[in-house]
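Single-structure report; data block below.
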Amino acid sequence: SQKIEQNSEALNIQEGKTATLTCNYTNYSPAYLQWYRQDPGRGPVFLLLIRENEKEKRKERLKVTFDTTLKQSLFHITASQPADSATYLCALGTGGGNKLTFGTGTQLKVEL
Amino acid sequence: IAGITQAPTSQILAAGRRMTLRCTQDMRHNAMYWYRQDLGLGLRLIHYSNTAGTTGKGEVPDGYSVSRANTDDFPLTLASAVPSQTSVYFCATQTGVNTGELFFGEGSRLTVL
């Protein structure tokens with residue numbers, strides 16, 4: 001069966017360090033992968049999209065990698081700040097917009 | 001700029017009652033979606049609409065119906081609410097099918113007793 005796995009345990013890191021979140025998937029052939037940020041009581045907010053033929057994408061302090069052989073995406077936040085504390089969701093798209101499937105998310109806590 | 005407006009923000013509902021969650025957008029996006037979010041299960045697609053006048057079923061459509069009479073509005077109706085429909089419901093839009101990012105509303109928290 002198809003499955004998207006994100007670490008359900010919260011990730012606690014110290015301010016200034018690099019946070020790395022993982023998204024693994026099985027039985028998917030995604031055309032693209034997206035990352036979203038969600039704050040408590042709010043809707044998800046889009047961060048980055050990476051396509052199947054791209055290895056890496058960057059935006060300011062954010063970096064996403066996509067390895068279709070390992071069936072894994074890594075999401076990095078460099079020089080992390082307490083304001084980066086949130087839940088981060090990955091989502092896989094299989095070619096049609098209505099085929100976007102979300103992982104359950106990983107909570108990140110950046111401590112002073 | 002409002003973007004996506006969902007109403008109500010929160011509602012407690014007796015089982016068996018009919019409920020419509022409203023979603024209105026002012027971005028003129030073609031595609032619209034309804035998701036529910038439950039702890040440990042993530043966001044699951046209920047129904048979608050690629051353009052005004054068309055709708056389709058997502059992963060968990062049972063017990064829900066939608067309509068898309070125009071570009072801006074995409075209401076979600078629970079004909080006869082059951083406790084398992086207790087959830088947070090998110091409406092989302094996309095400029096067009098397969099064009100990337102989704103824009104989400106702030107959610108409607110529904111409790112069915």
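Just so we're on the same page: first chain in the structure tokens is A, next is B, and so on; residues restart at 1 for each chain, and ligands are numbered from 1 in the order they show up.
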
>> Which residues are near region 31-43 of chain B? Cut-off 7 Å, only C-alpha atoms, ignore same chain within fewer than 3 positions. Put them as a PyMOL selection string.
In response: (chain A and resi 102-104) or (chain B and resi 46-51+87-97)

>> I'd like to know which residues of region 71-107 of chain A are helix (DSSP H, G or I) (by DSSP, run on the backbone); could you write them as a list in words?
In response: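 Across region 71-107 of chain A, those assigned helix (DSSP H, G or I) are Pro82, Ala83, Asp84, Gly97, Asn98 and Lys99 of chain A.
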
> For Val64 (chain A), which of A:Ser80, A:Thr87, A:Asn27, A:Thr20 is the closest residue, counting only C-alpha atoms?
Replying inline: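 Smallest separation from Val64 (chain A) among the options: A:Thr20.
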
Counting only C-alpha atoms, what are the residues of chain A within 9 Å of chain B, and for each of them which pair of atoms is the nearest and at what distance in Å, to one decimal? Sort the table by chain and rising number, as CSV.
```
residue,atom,partner,partner_atom,distance
A:Ser8,CA,B:Gly40,CA,8.1
A:Tyr32,CA,B:Gly100,CA,8.5
A:Gln34,CA,B:Glu101,CA,7.6
A:Gly41,CA,B:Glu106,CA,7.4
A:Arg42,CA,B:Glu106,CA,5.0
A:Gly43,CA,B:Glu106,CA,4.5
A:Pro44,CA,B:Phe104,CA,6.1
A:Val45,CA,B:Phe103,CA,6.9
A:Phe46,CA,B:Glu101,CA,6.1
A:Leu47,CA,B:Glu101,CA,8.5
A:Leu48,CA,B:Glu101,CA,8.2
A:Leu49,CA,B:Gly100,CA,7.2
A:Leu89,CA,B:Gly42,CA,8.7
A:Gly93,CA,B:Asn98,CA,8.2
A:Thr94,CA,B:Asn98,CA,8.9
A:Gly95,CA,B:Asn98,CA,6.2
A:Gly96,CA,B:Asn98,CA,4.8
A:Gly97,CA,B:Asn98,CA,4.0
A:Asn98,CA,B:Tyr48,CA,6.8
A:Lys99,CA,B:Gly58,CA,8.4
A:Leu100,CA,B:Leu45,CA,8.4
A:Thr101,CA,B:Arg44,CA,7.3
A:Phe102,CA,B:Leu43,CA,5.8
A:Gly103,CA,B:Gly42,CA,6.0
A:Thr104,CA,B:Gly42,CA,4.1
A:Gly105,CA,B:Gly42,CA,7.1
```

>> as an MDAnalysis selection string, please: the residues near Asn7 (chain A) (cut-off 9 Å, only C-alpha atoms, same-chain neighbours under 6 positions excluded).
In response: chainID A and resid 21:23 104:107

Emit the selected residues as a PDB file, in the first residue's frame, including N, CA, C and O atoms.
```pdb
ATOM      1  N   LEU A  21      14.511  17.496   8.621  1.00  0.00           N
ATOM      2  CA  LEU A  21      13.298  16.695   8.716  1.00  0.00           C
ATOM      3  C   LEU A  21      13.253  15.741   7.530  1.00  0.00           C
ATOM      4  O   LEU A  21      13.696  16.071   6.435  1.00  0.00           O
ATOM      5  N   THR A  22      12.683  14.570   7.771  1.00  0.00           N
ATOM      6  CA  THR A  22      12.690  13.506   6.781  1.00  0.00           C
ATOM      7  C   THR A  22      11.281  13.160   6.323  1.00  0.00           C
ATOM      8  O   THR A  22      10.345  13.142   7.133  1.00  0.00           O
ATOM      9  N   CYS A  23      11.155  12.885   5.040  1.00  0.00           N
ATOM     10  CA  CYS A  23       9.904  12.404   4.471  1.00  0.00           C
ATOM     11  C   CYS A  23      10.240  11.186   3.611  1.00  0.00           C
ATOM     12  O   CYS A  23      10.974  11.314   2.632  1.00  0.00           O
ATOM     13  N   THR A 104       1.860  13.014   7.791  1.00  0.00           N
ATOM     14  CA  THR A 104       1.234  13.437   9.041  1.00  0.00           C
ATOM     15  C   THR A 104       1.976  14.591   9.707  1.00  0.00           C
ATOM     16  O   THR A 104       1.457  15.200  10.638  1.00  0.00           O
ATOM     17  N   GLY A 105       3.179  14.900   9.233  1.00  0.00           N
ATOM     18  CA  GLY A 105       3.885  16.059   9.753  1.00  0.00           C
ATOM     19  C   GLY A 105       4.838  15.742  10.889  1.00  0.00           C
ATOM     20  O   GLY A 105       4.662  14.747  11.608  1.00  0.00           O
ATOM     21  N   THR A 106       5.847  16.575  11.023  1.00  0.00           N
ATOM     22  CA  THR A 106       6.797  16.501  12.132  1.00  0.00           C
ATOM     23  C   THR A 106       6.829  17.860  12.820  1.00  0.00           C
ATOM     24  O   THR A 106       6.958  18.894  12.160  1.00  0.00           O
ATOM     25  N   GLN A 107       6.716  17.832  14.160  1.00  0.00           N
ATOM     26  CA  GLN A 107       6.771  19.073  14.922  1.00  0.00           C
ATOM     27  C   GLN A 107       8.215  19.426  15.225  1.00  0.00           C
ATOM     28  O   GLN A 107       8.980  18.591  15.731  1.00  0.00           O
TER      29      GLN A 107
END
```

Those of chain B in DSSP strand (DSSP E), formatted as a PDB file with N, CA and C atoms, in the first residue's frame:
```
ATOM      1  N   ILE B   4      -8.680  33.211   1.291  1.00  0.00           N
ATOM      2  CA  ILE B   4      -9.674  32.154   1.461  1.00  0.00           C
ATOM      3  C   ILE B   4     -10.366  32.359   2.803  1.00  0.00           C
ATOM      4  N   THR B   5     -11.677  32.420   2.768  1.00  0.00           N
ATOM      5  CA  THR B   5     -12.456  32.600   3.987  1.00  0.00           C
ATOM      6  C   THR B   5     -13.268  31.348   4.254  1.00  0.00           C
ATOM      7  N   GLN B   6     -13.111  30.798   5.429  1.00  0.00           N
ATOM      8  CA  GLN B   6     -13.896  29.635   5.840  1.00  0.00           C
ATOM      9  C   GLN B   6     -14.830  30.040   6.985  1.00  0.00           C
ATOM     10  N   ALA B   7     -16.036  29.483   6.968  1.00  0.00           N
ATOM     11  CA  ALA B   7     -16.992  29.750   8.039  1.00  0.00           C
ATOM     12  C   ALA B   7     -17.864  28.513   8.250  1.00  0.00           C
ATOM     13  N   SER B  10     -15.613  27.602  14.158  1.00  0.00           N
ATOM     14  CA  SER B  10     -15.787  26.480  15.075  1.00  0.00           C
ATOM     15  C   SER B  10     -17.285  26.226  15.247  1.00  0.00           C
ATOM     16  N   GLN B  11     -17.651  24.962  15.402  1.00  0.00           N
ATOM     17  CA  GLN B  11     -19.060  24.608  15.538  1.00  0.00           C
ATOM     18  C   GLN B  11     -19.199  23.317  16.308  1.00  0.00           C
ATOM     19  N   ILE B  12     -20.146  23.285  17.211  1.00  0.00           N
ATOM     20  CA  ILE B  12     -20.527  22.036  17.876  1.00  0.00           C
ATOM     21  C   ILE B  12     -21.898  21.655  17.348  1.00  0.00           C
ATOM     22  N   LEU B  13     -22.022  20.407  16.948  1.00  0.00           N
ATOM     23  CA  LEU B  13     -23.212  19.968  16.218  1.00  0.00           C
ATOM     24  C   LEU B  13     -23.735  18.668  16.796  1.00  0.00           C
ATOM     25  N   MET B  19     -25.153  20.082   8.155  1.00  0.00           N
ATOM     26  CA  MET B  19     -24.222  21.193   8.367  1.00  0.00           C
ATOM     27  C   MET B  19     -23.528  21.525   7.060  1.00  0.00           C
ATOM     28  N   THR B  20     -23.413  22.806   6.763  1.00  0.00           N
ATOM     29  CA  THR B  20     -22.658  23.245   5.586  1.00  0.00           C
ATOM     30  C   THR B  20     -21.503  24.123   6.032  1.00  0.00           C
ATOM     31  N   LEU B  21     -20.310  23.726   5.635  1.00  0.00           N
ATOM     32  CA  LEU B  21     -19.118  24.534   5.860  1.00  0.00           C
ATOM     33  C   LEU B  21     -18.878  25.362   4.599  1.00  0.00           C
ATOM     34  N   ARG B  22     -18.662  26.641   4.810  1.00  0.00           N
ATOM     35  CA  ARG B  22     -18.527  27.535   3.661  1.00  0.00           C
ATOM     36  C   ARG B  22     -17.063  27.848   3.386  1.00  0.00           C
ATOM     37  N   CYS B  23     -16.773  27.990   2.115  1.00  0.00           N
ATOM     38  CA  CYS B  23     -15.430  28.369   1.674  1.00  0.00           C
ATOM     39  C   CYS B  23     -15.576  29.339   0.514  1.00  0.00           C
ATOM     40  N   THR B  24     -14.988  30.506   0.659  1.00  0.00           N
ATOM     41  CA  THR B  24     -15.028  31.517  -0.396  1.00  0.00           C
ATOM     42  C   THR B  24     -13.625  32.025  -0.642  1.00  0.00           C
ATOM     43  N   GLN B  25     -13.263  32.151  -1.917  1.00  0.00           N
ATOM     44  CA  GLN B  25     -11.950  32.666  -2.274  1.00  0.00           C
ATOM     45  C   GLN B  25     -12.097  33.889  -3.168  1.00  0.00           C
ATOM     46  N   ALA B  31      -8.925  25.586  -9.205  1.00  0.00           N
ATOM     47  CA  ALA B  31      -9.087  24.352  -8.441  1.00  0.00           C
ATOM     48  C   ALA B  31      -9.317  24.642  -6.967  1.00  0.00           C
ATOM     49  N   MET B  32     -10.248  23.903  -6.390  1.00  0.00           N
ATOM     50  CA  MET B  32     -10.535  24.030  -4.959  1.00  0.00           C
ATOM     51  C   MET B  32     -10.654  22.653  -4.352  1.00  0.00           C
ATOM     52  N   TYR B  33     -10.321  22.558  -3.054  1.00  0.00           N
ATOM     53  CA  TYR B  33     -10.241  21.282  -2.360  1.00  0.00           C
ATOM     54  C   TYR B  33     -10.808  21.397  -0.942  1.00  0.00           C
ATOM     55  N   TRP B  34     -11.333  20.284  -0.448  1.00  0.00           N
ATOM     56  CA  TRP B  34     -11.666  20.160   0.962  1.00  0.00           C
ATOM     57  C   TRP B  34     -10.866  18.999   1.551  1.00  0.00           C
ATOM     58  N   TYR B  35     -10.160  19.311   2.642  1.00  0.00           N
ATOM     59  CA  TYR B  35      -9.415  18.313   3.398  1.00  0.00           C
ATOM     60  C   TYR B  35      -9.956  18.252   4.822  1.00  0.00           C
ATOM     61  N   ARG B  36      -9.808  17.097   5.445  1.00  0.00           N
ATOM     62  CA  ARG B  36      -9.995  17.013   6.877  1.00  0.00           C
ATOM     63  C   ARG B  36      -8.670  16.626   7.511  1.00  0.00           C
ATOM     64  N   GLN B  37      -8.421  17.148   8.709  1.00  0.00           N
ATOM     65  CA  GLN B  37      -7.173  16.860   9.389  1.00  0.00           C
ATOM     66  C   GLN B  37      -7.462  16.281  10.760  1.00  0.00           C
ATOM     67  N   ASP B  38      -6.960  15.087  10.965  1.00  0.00           N
ATOM     68  CA  ASP B  38      -7.157  14.379  12.224  1.00  0.00           C
ATOM     69  C   ASP B  38      -5.809  13.974  12.796  1.00  0.00           C
ATOM     70  N   GLY B  42      -3.142  12.973   9.515  1.00  0.00           N
ATOM     71  CA  GLY B  42      -2.768  14.008   8.565  1.00  0.00           C
ATOM     72  C   GLY B  42      -3.945  14.554   7.794  1.00  0.00           C
ATOM     73  N   LEU B  43      -3.643  15.254   6.735  1.00  0.00           N
ATOM     74  CA  LEU B  43      -4.658  15.834   5.865  1.00  0.00           C
ATOM     75  C   LEU B  43      -5.131  14.795   4.853  1.00  0.00           C
ATOM     76  N   ARG B  44      -6.433  14.615   4.778  1.00  0.00           N
ATOM     77  CA  ARG B  44      -7.005  13.676   3.815  1.00  0.00           C
ATOM     78  C   ARG B  44      -8.019  14.398   2.942  1.00  0.00           C
ATOM     79  N   LEU B  45      -7.943  14.142   1.646  1.00  0.00           N
ATOM     80  CA  LEU B  45      -8.783  14.831   0.689  1.00  0.00           C
ATOM     81  C   LEU B  45     -10.199  14.266   0.702  1.00  0.00           C
ATOM     82  N   ILE B  46     -11.189  15.155   0.815  1.00  0.00           N
ATOM     83  CA  ILE B  46     -12.592  14.740   0.846  1.00  0.00           C
ATOM     84  C   ILE B  46     -13.194  14.843  -0.553  1.00  0.00           C
ATOM     85  N   HIS B  47     -13.214  16.049  -1.092  1.00  0.00           N
ATOM     86  CA  HIS B  47     -13.708  16.315  -2.436  1.00  0.00           C
ATOM     87  C   HIS B  47     -12.863  17.404  -3.057  1.00  0.00           C
ATOM     88  N   TYR B  48     -12.921  17.482  -4.381  1.00  0.00           N
ATOM     89  CA  TYR B  48     -12.207  18.530  -5.075  1.00  0.00           C
ATOM     90  C   TYR B  48     -13.030  19.039  -6.250  1.00  0.00           C
ATOM     91  N   SER B  49     -12.598  20.177  -6.787  1.00  0.00           N
ATOM     92  CA  SER B  49     -13.230  20.740  -7.979  1.00  0.00           C
ATOM     93  C   SER B  49     -12.136  21.363  -8.830  1.00  0.00           C
ATOM     94  N   GLY B  56     -15.228  16.287  -7.859  1.00  0.00           N
ATOM     95  CA  GLY B  56     -14.760  14.911  -7.852  1.00  0.00           C
ATOM     96  C   GLY B  56     -14.550  14.430  -6.429  1.00  0.00           C
ATOM     97  N   LYS B  57     -14.486  13.118  -6.275  1.00  0.00           N
ATOM     98  CA  LYS B  57     -14.309  12.516  -4.960  1.00  0.00           C
ATOM     99  C   LYS B  57     -12.846  12.327  -4.645  1.00  0.00           C
ATOM    100  N   TYR B  64     -20.180  13.209   2.812  1.00  0.00           N
ATOM    101  CA  TYR B  64     -19.974  14.604   2.436  1.00  0.00           C
ATOM    102  C   TYR B  64     -20.429  14.832   0.993  1.00  0.00           C
ATOM    103  N   SER B  65     -20.876  16.056   0.722  1.00  0.00           N
ATOM    104  CA  SER B  65     -21.164  16.451  -0.656  1.00  0.00           C
ATOM    105  C   SER B  65     -20.673  17.881  -0.855  1.00  0.00           C
ATOM    106  N   VAL B  66     -20.385  18.204  -2.108  1.00  0.00           N
ATOM    107  CA  VAL B  66     -19.925  19.548  -2.450  1.00  0.00           C
ATOM    108  C   VAL B  66     -20.644  20.027  -3.696  1.00  0.00           C
ATOM    109  N   LEU B  76     -19.060  22.713   1.570  1.00  0.00           N
ATOM    110  CA  LEU B  76     -19.020  21.293   1.931  1.00  0.00           C
ATOM    111  C   LEU B  76     -20.196  21.003   2.851  1.00  0.00           C
ATOM    112  N   THR B  77     -21.014  20.028   2.487  1.00  0.00           N
ATOM    113  CA  THR B  77     -22.205  19.711   3.277  1.00  0.00           C
ATOM    114  C   THR B  77     -22.122  18.325   3.890  1.00  0.00           C
ATOM    115  N   LEU B  78     -22.437  18.262   5.179  1.00  0.00           N
ATOM    116  CA  LEU B  78     -22.607  17.003   5.872  1.00  0.00           C
ATOM    117  C   LEU B  78     -24.109  16.802   6.002  1.00  0.00           C
ATOM    118  N   SER B  87     -13.648  16.830  13.356  1.00  0.00           N
ATOM    119  CA  SER B  87     -12.355  17.035  12.719  1.00  0.00           C
ATOM    120  C   SER B  87     -12.140  18.523  12.503  1.00  0.00           C
ATOM    121  N   VAL B  88     -10.975  18.844  11.979  1.00  0.00           N
ATOM    122  CA  VAL B  88     -10.726  20.197  11.487  1.00  0.00           C
ATOM    123  C   VAL B  88     -10.738  20.125   9.963  1.00  0.00           C
ATOM    124  N   TYR B  89     -11.545  20.985   9.368  1.00  0.00           N
ATOM    125  CA  TYR B  89     -11.736  20.960   7.919  1.00  0.00           C
ATOM    126  C   TYR B  89     -11.041  22.157   7.289  1.00  0.00           C
ATOM    127  N   PHE B  90     -10.240  21.874   6.270  1.00  0.00           N
ATOM    128  CA  PHE B  90      -9.522  22.920   5.563  1.00  0.00           C
ATOM    129  C   PHE B  90      -9.962  22.967   4.106  1.00  0.00           C
ATOM    130  N   CYS B  91     -10.244  24.175   3.670  1.00  0.00           N
ATOM    131  CA  CYS B  91     -10.482  24.438   2.259  1.00  0.00           C
ATOM    132  C   CYS B  91      -9.173  24.936   1.652  1.00  0.00           C
ATOM    133  N   ALA B  92      -8.890  24.559   0.429  1.00  0.00           N
ATOM    134  CA  ALA B  92      -7.666  24.988  -0.234  1.00  0.00           C
ATOM    135  C   ALA B  92      -7.955  25.303  -1.689  1.00  0.00           C
ATOM    136  N   THR B  93      -7.124  26.160  -2.264  1.00  0.00           N
ATOM    137  CA  THR B  93      -7.247  26.486  -3.683  1.00  0.00           C
ATOM    138  C   THR B  93      -5.908  26.300  -4.381  1.00  0.00           C
ATOM    139  N   GLN B  94      -5.967  26.262  -5.682  1.00  0.00           N
ATOM    140  CA  GLN B  94      -4.783  26.101  -6.516  1.00  0.00           C
ATOM    141  C   GLN B  94      -5.074  26.837  -7.804  1.00  0.00           C
ATOM    142  N   PHE B 103      -3.135  26.825  -1.519  1.00  0.00           N
ATOM    143  CA  PHE B 103      -3.366  27.908  -0.574  1.00  0.00           C
ATOM    144  C   PHE B 103      -4.496  27.451   0.341  1.00  0.00           C
ATOM    145  N   PHE B 104      -4.250  27.476   1.640  1.00  0.00           N
ATOM    146  CA  PHE B 104      -5.229  26.960   2.592  1.00  0.00           C
ATOM    147  C   PHE B 104      -5.939  28.077   3.338  1.00  0.00           C
ATOM    148  N   SER B 108     -12.018  25.062   9.752  1.00  0.00           N
ATOM    149  CA  SER B 108     -13.260  25.048  10.523  1.00  0.00           C
ATOM    150  C   SER B 108     -13.202  23.838  11.446  1.00  0.00           C
ATOM    151  N   ARG B 109     -13.271  24.095  12.740  1.00  0.00           N
ATOM    152  CA  ARG B 109     -13.214  22.998  13.715  1.00  0.00           C
ATOM    153  C   ARG B 109     -14.627  22.545  14.015  1.00  0.00           C
ATOM    154  N   LEU B 110     -14.937  21.305  13.688  1.00  0.00           N
ATOM    155  CA  LEU B 110     -16.296  20.777  13.854  1.00  0.00           C
ATOM    156  C   LEU B 110     -16.293  19.650  14.876  1.00  0.00           C
ATOM    157  N   THR B 111     -17.184  19.755  15.843  1.00  0.00           N
ATOM    158  CA  THR B 111     -17.358  18.699  16.833  1.00  0.00           C
ATOM    159  C   THR B 111     -18.773  18.173  16.722  1.00  0.00           C
ATOM    160  N   VAL B 112     -18.902  16.873  16.502  1.00  0.00           N
ATOM    161  CA  VAL B 112     -20.219  16.242  16.391  1.00  0.00           C
ATOM    162  C   VAL B 112     -20.446  15.376  17.622  1.00  0.00           C
TER     163      VAL B 112
END
```

> Using only C-alpha atoms, which residues sit within 10 Å of Thr18 (chain A) once same-chain residues fewer than 3 positions away are excluded, as a PyMOL selection string?
Replying inline: chain A and resi 13-15+21+61-62+76-81+110

Keeping only N, CA and C atoms, write the selected residues to a file as an mmCIF file, in the first residue's frame.
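part.cif written:
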```cif
data_model
loop_
_atom_site.group_PDB
_atom_site.id
_atom_site.type_symbol
_atom_site.label_atom_id
_atom_site.label_comp_id
_atom_site.auth_asym_id
_atom_site.auth_seq_id
_atom_site.Cartn_x
_atom_site.Cartn_y
_atom_site.Cartn_z
ATOM 1 N N ILE A 13 15.677 21.162 18.699
ATOM 2 C CA ILE A 13 17.051 21.559 18.410
ATOM 3 C C ILE A 13 17.319 22.919 19.018
ATOM 4 N N GLN A 14 18.598 23.235 19.094
ATOM 5 C CA GLN A 14 19.017 24.497 19.685
ATOM 6 C C GLN A 14 19.070 25.580 18.602
ATOM 7 N N GLU A 15 18.742 26.778 18.994
ATOM 8 C CA GLU A 15 18.800 27.919 18.079
ATOM 9 C C GLU A 15 20.171 28.000 17.420
ATOM 10 N N LEU A 21 14.511 17.496 8.621
ATOM 11 C CA LEU A 21 13.298 16.695 8.716
ATOM 12 C C LEU A 21 13.253 15.741 7.530
ATOM 13 N N ARG A 61 16.829 30.314 3.958
ATOM 14 C CA ARG A 61 17.462 29.361 4.879
ATOM 15 C C ARG A 61 16.937 27.930 4.702
ATOM 16 N N LEU A 62 16.092 27.721 3.728
ATOM 17 C CA LEU A 62 15.493 26.406 3.520
ATOM 18 C C LEU A 62 16.173 25.677 2.363
ATOM 19 N N HIS A 76 15.756 20.910 5.175
ATOM 20 C CA HIS A 76 16.722 21.501 6.089
ATOM 21 C C HIS A 76 16.380 22.962 6.352
ATOM 22 N N ILE A 77 16.506 23.362 7.607
ATOM 23 C CA ILE A 77 16.420 24.774 7.973
ATOM 24 C C ILE A 77 17.746 25.138 8.629
ATOM 25 N N THR A 78 18.519 25.983 7.981
ATOM 26 C CA THR A 78 19.800 26.375 8.550
ATOM 27 C C THR A 78 19.616 27.579 9.471
ATOM 28 N N ALA A 79 20.567 27.731 10.403
ATOM 29 C CA ALA A 79 20.524 28.849 11.355
ATOM 30 C C ALA A 79 19.123 28.976 11.954
ATOM 31 N N SER A 80 18.652 27.890 12.510
ATOM 32 C CA SER A 80 17.266 27.838 12.980
ATOM 33 C C SER A 80 16.996 28.868 14.086
ATOM 34 N N GLN A 81 15.748 29.313 14.129
ATOM 35 C CA GLN A 81 15.308 30.334 15.078
ATOM 36 C C GLN A 81 14.058 29.831 15.799
ATOM 37 N N VAL A 110 12.414 24.798 18.229
ATOM 38 C CA VAL A 110 13.733 25.412 18.282
ATOM 39 C C VAL A 110 13.845 26.161 19.603
#
```

>> For region 50-54 of chain A, find every residue with an atom within 9 Å (counting only C-alpha atoms), except residues of its own chain fewer than 5 positions away, and show them as a PyMOL selection string.
In response: chain A and resi 29-35+64-68

> Could you state the separation of CA of Gly3 (chain B) and CA of Met27 (chain B) in Å, given to one decimal place?
Replying inline: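 Going from CA of Gly3 (chain B) over to CA of Met27 (chain B) covers 6.1 Å.
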
> What gap, in Å, lies between CA of Ala81 (chain B) and CA of Val60 (chain B)?
Replying inline: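 Pair CA of Ala81 (chain B) / CA of Val60 (chain B) returns 14.5 Å.
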
> In Å to one decimal, how far is CA of Pro75 (chain B) from CA of Thr55 (chain B)?
Replying inline: 11.4 Å
